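Enquirer: Sending over a structure as structure tokens; questions will come in a sec.
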Amino acid sequence: MIRRLMLAVLAVALAVPALAQDNSIVVASTTSTQDSGLFGHLLPLFKRSSGIDVKVVALGTGQALDTARRGDADVVLVHARSEEEKFIAEGFGVKRYPVMYNDFVLVGPRGDPAGVGKARDIVEALRLIKAKDASFISRGDRSGTHIAELKLWTEAGIEVASEKGGWYKSIGQGMGAALNTASASAAYVLADRGTWLSFKNKGDLAILVQGDKRLFNQYGVILVDPGKHPHVKKAHGQKFIDWLVSRDGQGAIASYKINGEQLFFPNAADPNA
Amino acid sequence: MPDNLSALDLVLTGDPALFAIVKLALLVSLSAVLLAAVIGVPLGASIALSSFRGRDAVIVFLNAMMGLPPVVVGLVVYLALSRSGPLGSWGILFTPQAMVIAQTILVTPIIAALSRQTIEDLWLEYRDELMAMEVGLLRRLTTLVWDARFSLITALLAGFGRAAAEVGAVIIVGGNIEGFTRTMTTAIALETSKGNLPLAIGLGVVLVAIVLAINGLAWALGRAAERLAG
Amino acid sequence: MIRFEEVTITAGAVTVLDRLSLAFAVGGPTVLIGPNGAGKSTVLRAAMGLLQPSAGRIVRDGEPRRAIVFQRPTMLRRSAEANIRYAMAGVDRTRELLALVGLEHAATRPARRLSGGEQQRLALARALARDPAILFLDEPTASLDPASTKAIEDMIRAVSRRGIKVVMSTHDLGEARRLAGEVVLLHRGRLVEAAAASRFFDAPQTLEARTFVAGELLV
């Protein structure tokens with residue numbers, strides 16, 4: 001009797017995904033994009049127009065690209081141009097399409113112990129943080145945000161690898177975890193505006209530095225090369241990409257707002273993006 | 001699932017996303033426990049009744065495997081099921097089946113180790129009589145498993161508790177895909193990372209309540225059955 | 001039916017049976033008597049085939065079907081009738097056996113909830129379910145009150161009358177007198193004296209036998 005029950009359960013458990021498999025694609029994207037809530041807004045619109053289910057696996061940018069390298073995703077949507085171009089150069093991606101941008105903001109305790117609010121730009125702000133030994137939380141997970149953060153430290157002339165464990169805390173987790181940690185320990189953290197706006201545990205944190213051109217954060221979408229992984233759902237994947245850069249998709253991106261504030265800015269038509 | 005409502009509101013309004021998450025969590029964990037029982041109970045019982053060189057080492061190993069870290073199991077299963085891995089052609093990464101496989105691996109040692117101990121204890125009691133009745137090995141196995149069924153159910157519940165509570169394995173092999181591989185624990189992890197701590201805790205309370213209810217049900221059924229059987 | 005030829009059985013450093021030779025032949029009940037530690041239980045278990053001799057051999061003519069009722073029988077975790085049915089060899093005689101041991105009223109009750117005397121009777125029914133040619137009983141009435149003791153003894157007599165060879169041990173000399181066709185006195189793993197019951201009690205040959213029958217301690 002138990003055996004029969006088990007077979008029934010297995011049959012159900014195995015049948016359900018089999019049905020969804022055929023009209024779906026797996027998109028490897030980033031936790032910041034997921035945490036912002038953008039996919040919850042976009043994907044139903046895409047499903048309605050194409051009938052395709054988009055299954056988003058949210059990881060850090062590095063992990064997302066590695067997942068695609070292993071052939072476990074059909075499309076990648078991340079925000080680290082240098083990494084994306086490397087991905088294509090290695091032969092794993094077909095073509096990079098710019099999709100949208102948002103920006104990073106430097107977030108910290110309202111009391112601003114390092115005085116970054118007075119800095120002229122982000123580079124000076126980071127130098128102030130090191131000078132004052134103020135706590136800084138880094139995602140440390142090879143994500144787009146982490147890569148951007150490292151570039152900024154380099155520009156500020158600061159070698160953070162040697163500061164780990166002191167004022168510079170590398171936690172190896174996503175944006176939400178980093179914000180939680182910063183909120184709980186009154187520290188500074190570089191966040192993407194999308195996640196920040198939708199984050200619900202801000203506590204005493206506030207945006208202290210923004211607007212610097214260096215904080216510009218570009219998103220790109222790439223189809224995984226079927227040449228490398230023949231099982232990739234090429235047609236459906238390309239449909240998703242085409243929709244994202246189309247007027248409908250770009251419009252949907254622009255219309256996503258939290259408390260009236262737009263999070264992402266479509267720029268698929270920008271030749272420099 | 002709207003994240004501006006409390007978990008209680010979601011329950012009371014019958015939020016479909018919440019119910020989908022609960023349903024998937026139960027389906028995955030219960031399937032894993034059933035599979036683990038099919039493998040683990042005979043395995044534990046066989047070890048209990050047999051003697052062979054290295055038996056002690058096997059028992060120690062089995063007991064130790066009860067503490068397998070879920071995230072490690074998840075990682076190993078992920079690499080195995082990845083398209084670039086040995087079982088990639090199955091194409092079941094990021095699906096509920098992968099989650100069932102990972103949890104089955106986690107739970108089988110628990111059920112096997114606890115079954116072994118339970119059966120061994122009962123064998124000590126039954127040994128004289130069963131040997132006097134010249135009962136063969138297969139019949140011994142079925143008799144002991146049947147007569148020990150109530151204790152074995154507890155082992156199954158322990159396995160279920162482990163499966164329902166873990167997040168490390170299912171989030172890696174399932175991908176926490178909304179509407180597809182999101183379970184209670186992965187949803188809690190997500191809401192936590194979104195800073196939505198009250199909702200995360202609320203979901204946690206819902207999860208504990210469900211596990212409590214299942215244990216209560218198992219207990220009541222067990223008592224009723226016990227009264228009939230003796 | 002079963003013959004012990006110079007059988008020695010050791011348990012660790014202790015010699016439990018010491019070059020013991022005896023035989024159980026078809027006929028009335030054989031009753032083993034002797035002080036604690038004499039080896040009575042060991043003889044029954046060895047004859048049953050549960051223990052192997054370290055020296056000597058046990059010969060069973062034609063491998064007779066045998067069953068044993070242990071001193072403290074273990075009930076399976078099921079009903080009384082299920083216990084009997086579990087052991088049944090051949091045609092289902094559960095009802096009949098329940099009636100024989102006077103437990104029809106408790107057929108569906110969980111066996112473990114029966115009283116000590118009832119469990120002993122159930123163990124007897126279970127042993128008989130195996131349709132044995134020879135039935136071993138290890139101190140079957142040791143922990144029972146007089147009423148239960150009488151019930152068991154009556155059943156043993158009934159079983160013997162059916163042609164089943166009974167081999168039992170007992171502490172109770174009176175019981176030995178009541179039931180025995182043949183008496184076997186064991187002491188420290190050795191056979192002291194074996195004789196037909198009347199001859200044993202009326203004219204014990206050995207000093208030990210005379211001491212034991214007189215109710216004195218055999219050290």
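Ordering of the structure tokens sets the chain letters (A, B, ...); residue numbers start at 1 within each chain; ligands are numbered from 1 in the order shown.
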Residues of chain B within 9 Å of chain C: nearest atom pair and distance (Å, one decimal) for each, counting only C-alpha atoms, sorted by chain and number, as CSV?

Expert:
```
residue,atom,partner,partner_atom,distance
B:Glu125,CA,C:Thr74,CA,7.2
B:Tyr126,CA,C:Thr74,CA,6.6
B:Asp128,CA,C:Leu50,CA,8.3
B:Glu129,CA,C:Thr74,CA,6.8
B:Met131,CA,C:Leu50,CA,7.3
B:Ala132,CA,C:Ala67,CA,6.7
B:Met133,CA,C:Ala87,CA,6.8
B:Asp147,CA,C:Arg77,CA,5.8
B:Ala148,CA,C:Arg77,CA,8.3
B:Arg227,CA,C:Pro110,CA,8.7
B:Leu228,CA,C:Pro110,CA,8.2
B:Ala229,CA,C:Arg78,CA,5.7
B:Gly230,CA,C:Pro110,CA,4.4
```

Enquirer: How close does each residue of chain B get to chain A, giving the shortest atom pair and distance in Å to one decimal for every residue with an atom at most 7 Å away, counting only C-alpha atoms, sorted by chain and residue number, as a tab-separated table?

Expert:
```
residue	atom	partner	partner_atom	distance
B:Ser31	CA	A:Val9	CA	6.4
B:Leu34	CA	A:Met6	CA	6.3
B:Ser82	CA	A:Asp72	CA	6.0
B:Arg83	CA	A:Gly71	CA	5.4
B:Ser84	CA	A:Arg70	CA	5.2
B:Thr95	CA	A:Pro17	CA	6.6
B:Gln97	CA	A:Leu14	CA	6.4
B:Gly175	CA	A:Val57	CA	5.0
B:Asn176	CA	A:Val57	CA	6.6
B:Ile177	CA	A:Val56	CA	5.6
B:Ser193	CA	A:Gly176	CA	3.9
B:Lys194	CA	A:Gly176	CA	5.1
B:Gly195	CA	A:Asn201	CA	4.5
B:Asn196	CA	A:Lys200	CA	5.1
```

Enquirer: Could those residues be written to a file, using N, CA and C atoms, as a compact mmCIF listing (two decimals), in the first residue's frame?

Expert:
```txt
# COMPACT_ATOMS: atom_id res chain seq x y z
N SER B 31 7.96 13.45 -0.68
CA SER B 31 8.49 12.51 -1.67
C SER B 31 9.87 12.02 -1.26
N LEU B 34 9.59 9.50 1.57
CA LEU B 34 9.11 8.20 1.11
C LEU B 34 10.22 7.43 0.39
N SER B 82 24.26 19.21 -13.43
CA SER B 82 24.54 20.29 -14.37
C SER B 82 24.72 19.74 -15.77
N ARG B 83 24.38 20.54 -16.75
CA ARG B 83 24.54 20.08 -18.14
C ARG B 83 25.96 19.66 -18.42
N SER B 84 26.89 20.27 -17.72
CA SER B 84 28.29 19.89 -17.91
C SER B 84 28.68 18.72 -17.04
N THR B 95 14.84 21.93 -11.18
CA THR B 95 13.45 21.43 -11.18
C THR B 95 13.17 20.77 -9.83
N GLN B 97 12.32 17.80 -9.26
CA GLN B 97 12.92 16.45 -9.15
C GLN B 97 14.32 16.52 -8.57
N GLY B 175 17.25 26.45 -7.49
CA GLY B 175 17.39 27.78 -8.06
C GLY B 175 16.37 28.78 -7.54
N ASN B 176 15.51 28.34 -6.61
CA ASN B 176 14.53 29.26 -6.00
C ASN B 176 13.73 30.03 -7.06
N ILE B 177 13.33 29.33 -8.10
CA ILE B 177 12.61 29.97 -9.20
C ILE B 177 11.17 30.21 -8.79
N SER B 193 16.67 38.34 2.46
CA SER B 193 17.64 39.11 1.69
C SER B 193 17.01 40.37 1.11
N LYS B 194 15.68 40.40 1.06
CA LYS B 194 15.04 41.64 0.62
C LYS B 194 14.81 42.58 1.79
N GLY B 195 15.25 42.14 2.96
CA GLY B 195 15.09 42.98 4.13
C GLY B 195 13.70 42.89 4.73
N ASN B 196 12.89 42.00 4.19
CA ASN B 196 11.51 41.91 4.65
C ASN B 196 11.44 40.93 5.82
```

Enquirer: Go ahead and compute the interatomic distance for atom CA of B:Ile210 and atom CA of B:Ile92, in Å to one decimal.

Expert: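 Between these atoms lies a distance of 27.9 Å.
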
Enquirer: Can you tell me how far atom CA of B:Ile111 sits from atom CA of B:Arg139, in Å to one decimal?

Expert: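 Straight-line distance from atom CA of B:Ile111 to atom CA of B:Arg139 works out to 20.9 Å.
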
Enquirer: Within stretch 66-237 of chain A, find each residue whose DSSP state, derived from the backbone, is strand (DSSP E or B), and express the selection as a ChimeraX atom specification.

Expert: /A:75-78,93-109,136-138,164,168-170,188-192,205-209,216-224

Enquirer: Please, what distance in Å, to one decimal, runs between atom CA of A:Leu215 and atom CA of A:Arg142?

Expert: 17.2 Å

Enquirer: Nearest to B:Ser29: which of B:Leu122, B:Ile172, B:Leu93, B:Ala165 is it, counting only C-alpha atoms?

Expert: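 Going through B:Leu122, B:Ile172, B:Leu93, B:Ala165 one by one, the smallest distance to B:Ser29 is for B:Ala165.
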
Enquirer: Just want the 9 Å neighbourhood of C:Leu22, counted on only C-alpha atoms, with same-chain residues fewer than 6 positions away dropped. Output as a JSON list (two decimals) with C-alpha atoms, in the first residue's frame.

Expert:
```
[["chain", "number", "residue", "atom", "x", "y", "z"],
["C", 2, "ILE", "CA", 17.24, -37.06, 20.16],
["C", 3, "ARG", "CA", 20.51, -38.27, 21.57],
["C", 4, "PHE", "CA", 23.31, -36.36, 23.32],
["C", 5, "GLU", "CA", 26.70, -38.07, 22.88],
["C", 6, "GLU", "CA", 29.38, -36.74, 25.23],
["C", 184, "VAL", "CA", 16.57, -36.81, 34.54],
["C", 191, "LEU", "CA", 23.95, -36.41, 34.21],
["C", 194, "ALA", "CA", 17.96, -40.89, 34.81]]
```

Enquirer: Can you tell me which residues surround C:Ala197 at a distance of at most 7 Å, considering only C-alpha atoms, apart from same-chain residues fewer than 6 positions away, and format the answer as an NGL selection string?

Expert: :C and (177 or 180-183)

Enquirer: I'd like the neighbourhood of A:Arg81 as a ChimeraX atom specification, where a residue qualifies if any of its atoms comes within 12 Å (using only C-alpha atoms), though same-chain residues fewer than 2 positions away should be ignored.

Expert: /A:61-62,65,77-79,83-88,96-99,101,143-145,147-148,216-222,272-273

Enquirer: Output N, CA and C atoms of each residue in that selection to a file, as a compact mmCIF listing (two decimals), in the first residue's frame.

Expert:
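Output (result30.txt):
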```txt
# COMPACT_ATOMS: atom_id res chain seq x y z
N THR A 61 26.63 37.91 -10.29
CA THR A 61 27.00 37.95 -11.71
C THR A 61 27.99 36.85 -12.06
N GLY A 62 29.06 36.72 -11.27
CA GLY A 62 30.07 35.70 -11.56
C GLY A 62 29.45 34.32 -11.61
N LEU A 65 27.16 33.84 -14.69
CA LEU A 65 27.90 33.55 -15.92
C LEU A 65 28.47 32.13 -15.89
N LEU A 77 21.37 37.59 -17.89
CA LEU A 77 21.08 39.03 -17.78
C LEU A 77 21.82 39.53 -16.56
N VAL A 78 22.95 40.22 -16.77
CA VAL A 78 23.80 40.64 -15.65
C VAL A 78 24.26 42.08 -15.87
N HIS A 79 25.03 42.58 -14.94
CA HIS A 79 25.49 43.96 -15.07
C HIS A 79 26.95 44.11 -14.73
N GLU A 83 32.97 41.52 -17.65
CA GLU A 83 32.76 40.08 -17.51
C GLU A 83 31.92 39.53 -18.66
N GLU A 84 30.94 40.33 -19.09
CA GLU A 84 30.08 39.88 -20.20
C GLU A 84 30.91 39.74 -21.46
N GLU A 85 31.79 40.71 -21.70
CA GLU A 85 32.58 40.64 -22.94
C GLU A 85 33.55 39.48 -22.88
N LYS A 86 34.08 39.22 -21.70
CA LYS A 86 34.96 38.06 -21.54
C LYS A 86 34.18 36.78 -21.85
N PHE A 87 32.95 36.71 -21.36
CA PHE A 87 32.07 35.56 -21.57
C PHE A 87 31.88 35.28 -23.06
N ILE A 88 31.68 36.36 -23.80
CA ILE A 88 31.47 36.19 -25.25
C ILE A 88 32.78 35.83 -25.93
N ARG A 96 26.05 40.43 -27.14
CA ARG A 96 25.62 41.20 -25.99
C ARG A 96 24.69 42.33 -26.43
N TYR A 97 23.52 42.40 -25.82
CA TYR A 97 22.59 43.50 -26.08
C TYR A 97 22.50 44.35 -24.82
N PRO A 98 22.76 45.65 -24.90
CA PRO A 98 22.48 46.48 -23.72
C PRO A 98 20.97 46.55 -23.49
N VAL A 99 20.56 46.60 -22.27
CA VAL A 99 19.13 46.57 -21.97
C VAL A 99 18.69 47.82 -21.20
N TYR A 101 19.94 50.60 -17.58
CA TYR A 101 20.94 50.92 -16.59
C TYR A 101 20.24 51.41 -15.33
N SER A 143 29.94 39.53 -7.88
CA SER A 143 28.74 40.01 -8.53
C SER A 143 29.08 41.29 -9.30
N GLY A 144 28.12 41.73 -10.12
CA GLY A 144 28.31 42.99 -10.85
C GLY A 144 28.60 44.12 -9.88
N THR A 145 27.84 44.13 -8.78
CA THR A 145 28.03 45.19 -7.79
C THR A 145 29.43 45.10 -7.17
N ILE A 147 32.13 43.77 -8.48
CA ILE A 147 33.14 44.15 -9.48
C ILE A 147 33.20 45.66 -9.62
N ALA A 148 32.03 46.30 -9.66
CA ALA A 148 32.01 47.76 -9.77
C ALA A 148 32.67 48.39 -8.54
N PHE A 216 27.43 54.68 -12.53
CA PHE A 216 26.53 54.21 -13.58
C PHE A 216 26.65 52.68 -13.70
N ASN A 217 25.52 51.97 -13.78
CA ASN A 217 25.50 50.51 -13.76
C ASN A 217 24.70 49.97 -14.95
N GLN A 218 25.42 49.43 -15.93
CA GLN A 218 24.78 49.01 -17.18
C GLN A 218 24.44 47.52 -17.16
N TYR A 219 23.25 47.17 -17.62
CA TYR A 219 22.82 45.77 -17.73
C TYR A 219 22.89 45.30 -19.17
N GLY A 220 23.36 44.07 -19.33
CA GLY A 220 23.40 43.47 -20.67
C GLY A 220 22.75 42.10 -20.65
N VAL A 221 22.19 41.69 -21.80
CA VAL A 221 21.59 40.36 -21.89
C VAL A 221 22.24 39.60 -23.04
N ILE A 222 22.52 38.33 -22.80
CA ILE A 222 23.24 37.52 -23.78
C ILE A 222 22.59 36.16 -23.92
N ASN A 272 26.55 53.33 -27.17
CA ASN A 272 27.72 53.27 -26.30
C ASN A 272 27.51 52.38 -25.08
N ALA A 273 26.27 51.89 -24.92
CA ALA A 273 25.97 51.19 -23.66
C ALA A 273 26.63 49.82 -23.58
```

Enquirer: Skipping near chain neighbours, those fewer than 3 positions away, what residues fall within 8 Å of B:Ala155 using only C-alpha atoms, listed as a list of chain:residue names?

Expert: B:Ile110, B:Ile111, B:Leu114, B:Ser115, B:Ser151, B:Leu152, B:Ala158, B:Gly159

Enquirer: Please, could you write that set of residues out with N, CA and C atoms as a PDB file, in the first residue's frame?

Expert:
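Final output, saved to result.pdb:
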```
ATOM      1  N   ILE B 110      19.576   9.335   7.820  1.00  0.00           N
ATOM      2  CA  ILE B 110      18.833   9.482   9.075  1.00  0.00           C
ATOM      3  C   ILE B 110      17.905   8.296   9.263  1.00  0.00           C
ATOM      4  N   ILE B 111      17.139   7.992   8.238  1.00  0.00           N
ATOM      5  CA  ILE B 111      16.179   6.894   8.348  1.00  0.00           C
ATOM      6  C   ILE B 111      16.902   5.560   8.486  1.00  0.00           C
ATOM      7  N   LEU B 114      18.524   5.304  12.118  1.00  0.00           N
ATOM      8  CA  LEU B 114      17.525   5.125  13.161  1.00  0.00           C
ATOM      9  C   LEU B 114      16.807   3.788  13.016  1.00  0.00           C
ATOM     10  N   SER B 115      16.567   3.369  11.768  1.00  0.00           N
ATOM     11  CA  SER B 115      15.947   2.054  11.558  1.00  0.00           C
ATOM     12  C   SER B 115      16.852   0.961  12.088  1.00  0.00           C
ATOM     13  N   SER B 151       7.888   2.784  15.898  1.00  0.00           N
ATOM     14  CA  SER B 151       9.176   3.443  16.110  1.00  0.00           C
ATOM     15  C   SER B 151       9.768   3.911  14.794  1.00  0.00           C
ATOM     16  N   LEU B 152       9.535   3.134  13.752  1.00  0.00           N
ATOM     17  CA  LEU B 152      10.078   3.526  12.456  1.00  0.00           C
ATOM     18  C   LEU B 152       9.397   4.791  11.938  1.00  0.00           C
ATOM     19  N   ALA B 158      11.542  12.178  11.798  1.00  0.00           N
ATOM     20  CA  ALA B 158      12.818  12.875  11.964  1.00  0.00           C
ATOM     21  C   ALA B 158      13.362  13.262  10.591  1.00  0.00           C
ATOM     22  N   GLY B 159      13.278  12.334   9.657  1.00  0.00           N
ATOM     23  CA  GLY B 159      13.727  12.625   8.300  1.00  0.00           C
ATOM     24  C   GLY B 159      12.922  13.756   7.673  1.00  0.00           C
TER      25      GLY B 159
END
```

Enquirer: From the set B:Val173, B:Val28, B:Leu124, B:Asp56, which residue has the shortest atom-to-atom contact distance to B:Ala80, counting only C-alpha atoms?

Expert: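 Ranking B:Val173, B:Val28, B:Leu124, B:Asp56 by distance to B:Ala80, first place goes to B:Val173.
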
Enquirer: Could you list, as an mmCIF file with N, CA and C atoms, in the first residue's frame, every residue within 9 Å of stretch 69-79 of chain B, counting only C-alpha atoms and ignoring same-chain residues fewer than 3 positions away?

Expert:
```cif
data_model
loop_
_atom_site.group_PDB
_atom_site.id
_atom_site.type_symbol
_atom_site.label_atom_id
_atom_site.label_comp_id
_atom_site.auth_asym_id
_atom_site.auth_seq_id
_atom_site.Cartn_x
_atom_site.Cartn_y
_atom_site.Cartn_z
ATOM 1 N N MET B 65 26.726 10.200 8.800
ATOM 2 C CA MET B 65 26.088 10.784 7.625
ATOM 3 C C MET B 65 24.765 11.454 7.951
ATOM 4 N N MET B 66 24.234 11.220 9.144
ATOM 5 C CA MET B 66 23.026 11.929 9.559
ATOM 6 C C MET B 66 23.307 13.429 9.608
ATOM 7 N N SER B 82 24.261 19.206 -13.433
ATOM 8 C CA SER B 82 24.539 20.295 -14.366
ATOM 9 C C SER B 82 24.717 19.737 -15.770
ATOM 10 N N ARG B 83 24.379 20.537 -16.752
ATOM 11 C CA ARG B 83 24.539 20.080 -18.138
ATOM 12 C C ARG B 83 25.963 19.656 -18.418
ATOM 13 N N SER B 84 26.889 20.274 -17.724
ATOM 14 C CA SER B 84 28.287 19.889 -17.915
ATOM 15 C C SER B 84 28.679 18.722 -17.036
ATOM 16 N N GLY B 85 27.747 18.231 -16.246
ATOM 17 C CA GLY B 85 28.062 17.145 -15.334
ATOM 18 C C GLY B 85 27.676 15.791 -15.905
ATOM 19 N N PRO B 86 27.984 14.719 -15.147
ATOM 20 C CA PRO B 86 27.749 13.363 -15.653
ATOM 21 C C PRO B 86 26.288 13.054 -15.951
ATOM 22 N N LEU B 87 25.361 13.689 -15.217
ATOM 23 C CA LEU B 87 23.952 13.377 -15.434
ATOM 24 C C LEU B 87 23.231 14.521 -16.123
ATOM 25 N N GLY B 88 24.002 15.382 -16.795
ATOM 26 C CA GLY B 88 23.402 16.553 -17.432
ATOM 27 C C GLY B 88 22.327 16.216 -18.442
ATOM 28 N N LEU B 93 18.195 19.781 -13.680
ATOM 29 C CA LEU B 93 18.659 20.814 -12.762
ATOM 30 C C LEU B 93 17.626 21.935 -12.726
ATOM 31 N N PHE B 94 17.510 22.588 -11.560
ATOM 32 C CA PHE B 94 16.534 23.661 -11.390
ATOM 33 C C PHE B 94 15.099 23.168 -11.561
ATOM 34 N N ALA B 98 15.083 17.541 -9.011
ATOM 35 C CA ALA B 98 16.439 17.681 -8.474
ATOM 36 C C ALA B 98 16.376 17.913 -6.957
ATOM 37 N N MET B 99 15.381 18.680 -6.542
ATOM 38 C CA MET B 99 15.226 18.943 -5.114
ATOM 39 C C MET B 99 14.891 17.662 -4.355
ATOM 40 N N ILE B 101 15.726 14.648 -5.243
ATOM 41 C CA ILE B 101 16.941 13.827 -5.205
ATOM 42 C C ILE B 101 17.868 14.304 -4.090
ATOM 43 N N ALA B 102 18.106 15.621 -4.041
ATOM 44 C CA ALA B 102 19.024 16.146 -3.029
ATOM 45 C C ALA B 102 18.517 15.845 -1.618
ATOM 46 N N GLN B 103 17.228 16.035 -1.393
ATOM 47 C CA GLN B 103 16.699 15.796 -0.053
ATOM 48 C C GLN B 103 16.670 14.314 0.282
ATOM 49 N N ILE B 105 18.911 12.195 -0.599
ATOM 50 C CA ILE B 105 20.271 11.882 -0.167
ATOM 51 C C ILE B 105 20.491 12.346 1.271
ATOM 52 N N LEU B 106 19.940 13.495 1.609
ATOM 53 C CA LEU B 106 20.104 14.021 2.965
ATOM 54 C C LEU B 106 19.403 13.150 3.997
ATOM 55 N N GLU B 166 15.450 22.285 5.774
ATOM 56 C CA GLU B 166 16.716 22.677 5.185
ATOM 57 C C GLU B 166 16.500 23.602 3.992
ATOM 58 N N VAL B 167 17.484 24.439 3.754
ATOM 59 C CA VAL B 167 17.405 25.366 2.624
ATOM 60 C C VAL B 167 18.632 25.228 1.732
ATOM 61 N N GLY B 168 19.758 24.802 2.327
ATOM 62 C CA GLY B 168 21.014 24.778 1.584
ATOM 63 C C GLY B 168 20.982 23.930 0.332
ATOM 64 N N ALA B 169 20.349 22.754 0.429
ATOM 65 C CA ALA B 169 20.353 21.865 -0.734
ATOM 66 C C ALA B 169 19.345 22.321 -1.784
ATOM 67 N N VAL B 170 18.120 22.612 -1.340
ATOM 68 C CA VAL B 170 17.086 22.917 -2.340
ATOM 69 C C VAL B 170 17.321 24.233 -3.047
ATOM 70 N N ILE B 171 18.011 25.165 -2.373
ATOM 71 C CA ILE B 171 18.172 26.439 -3.057
ATOM 72 C C ILE B 171 19.218 26.326 -4.159
ATOM 73 N N ILE B 172 20.220 25.481 -3.960
ATOM 74 C CA ILE B 172 21.257 25.331 -4.981
ATOM 75 C C ILE B 172 20.743 24.515 -6.156
ATOM 76 N N VAL B 173 20.112 23.386 -5.890
ATOM 77 C CA VAL B 173 19.704 22.538 -7.016
ATOM 78 C C VAL B 173 18.377 22.977 -7.618
ATOM 79 N N GLY B 174 17.618 23.775 -6.873
ATOM 80 C CA GLY B 174 16.322 24.210 -7.382
ATOM 81 C C GLY B 174 16.368 25.587 -8.008
#
```

Enquirer: Let's see if you can do this: from backbone DSSP, list all helix (DSSP H, G or I) residues in stretch 16-259 of chain A, as a VMD selection string.

Expert: chain A and resid 16 to 21 31 to 36 38 to 50 61 to 69 81 to 89 116 to 118 122 to 131 144 to 155 160 to 163 175 to 185 193 to 198 213 to 215 234 to 245 247 to 254
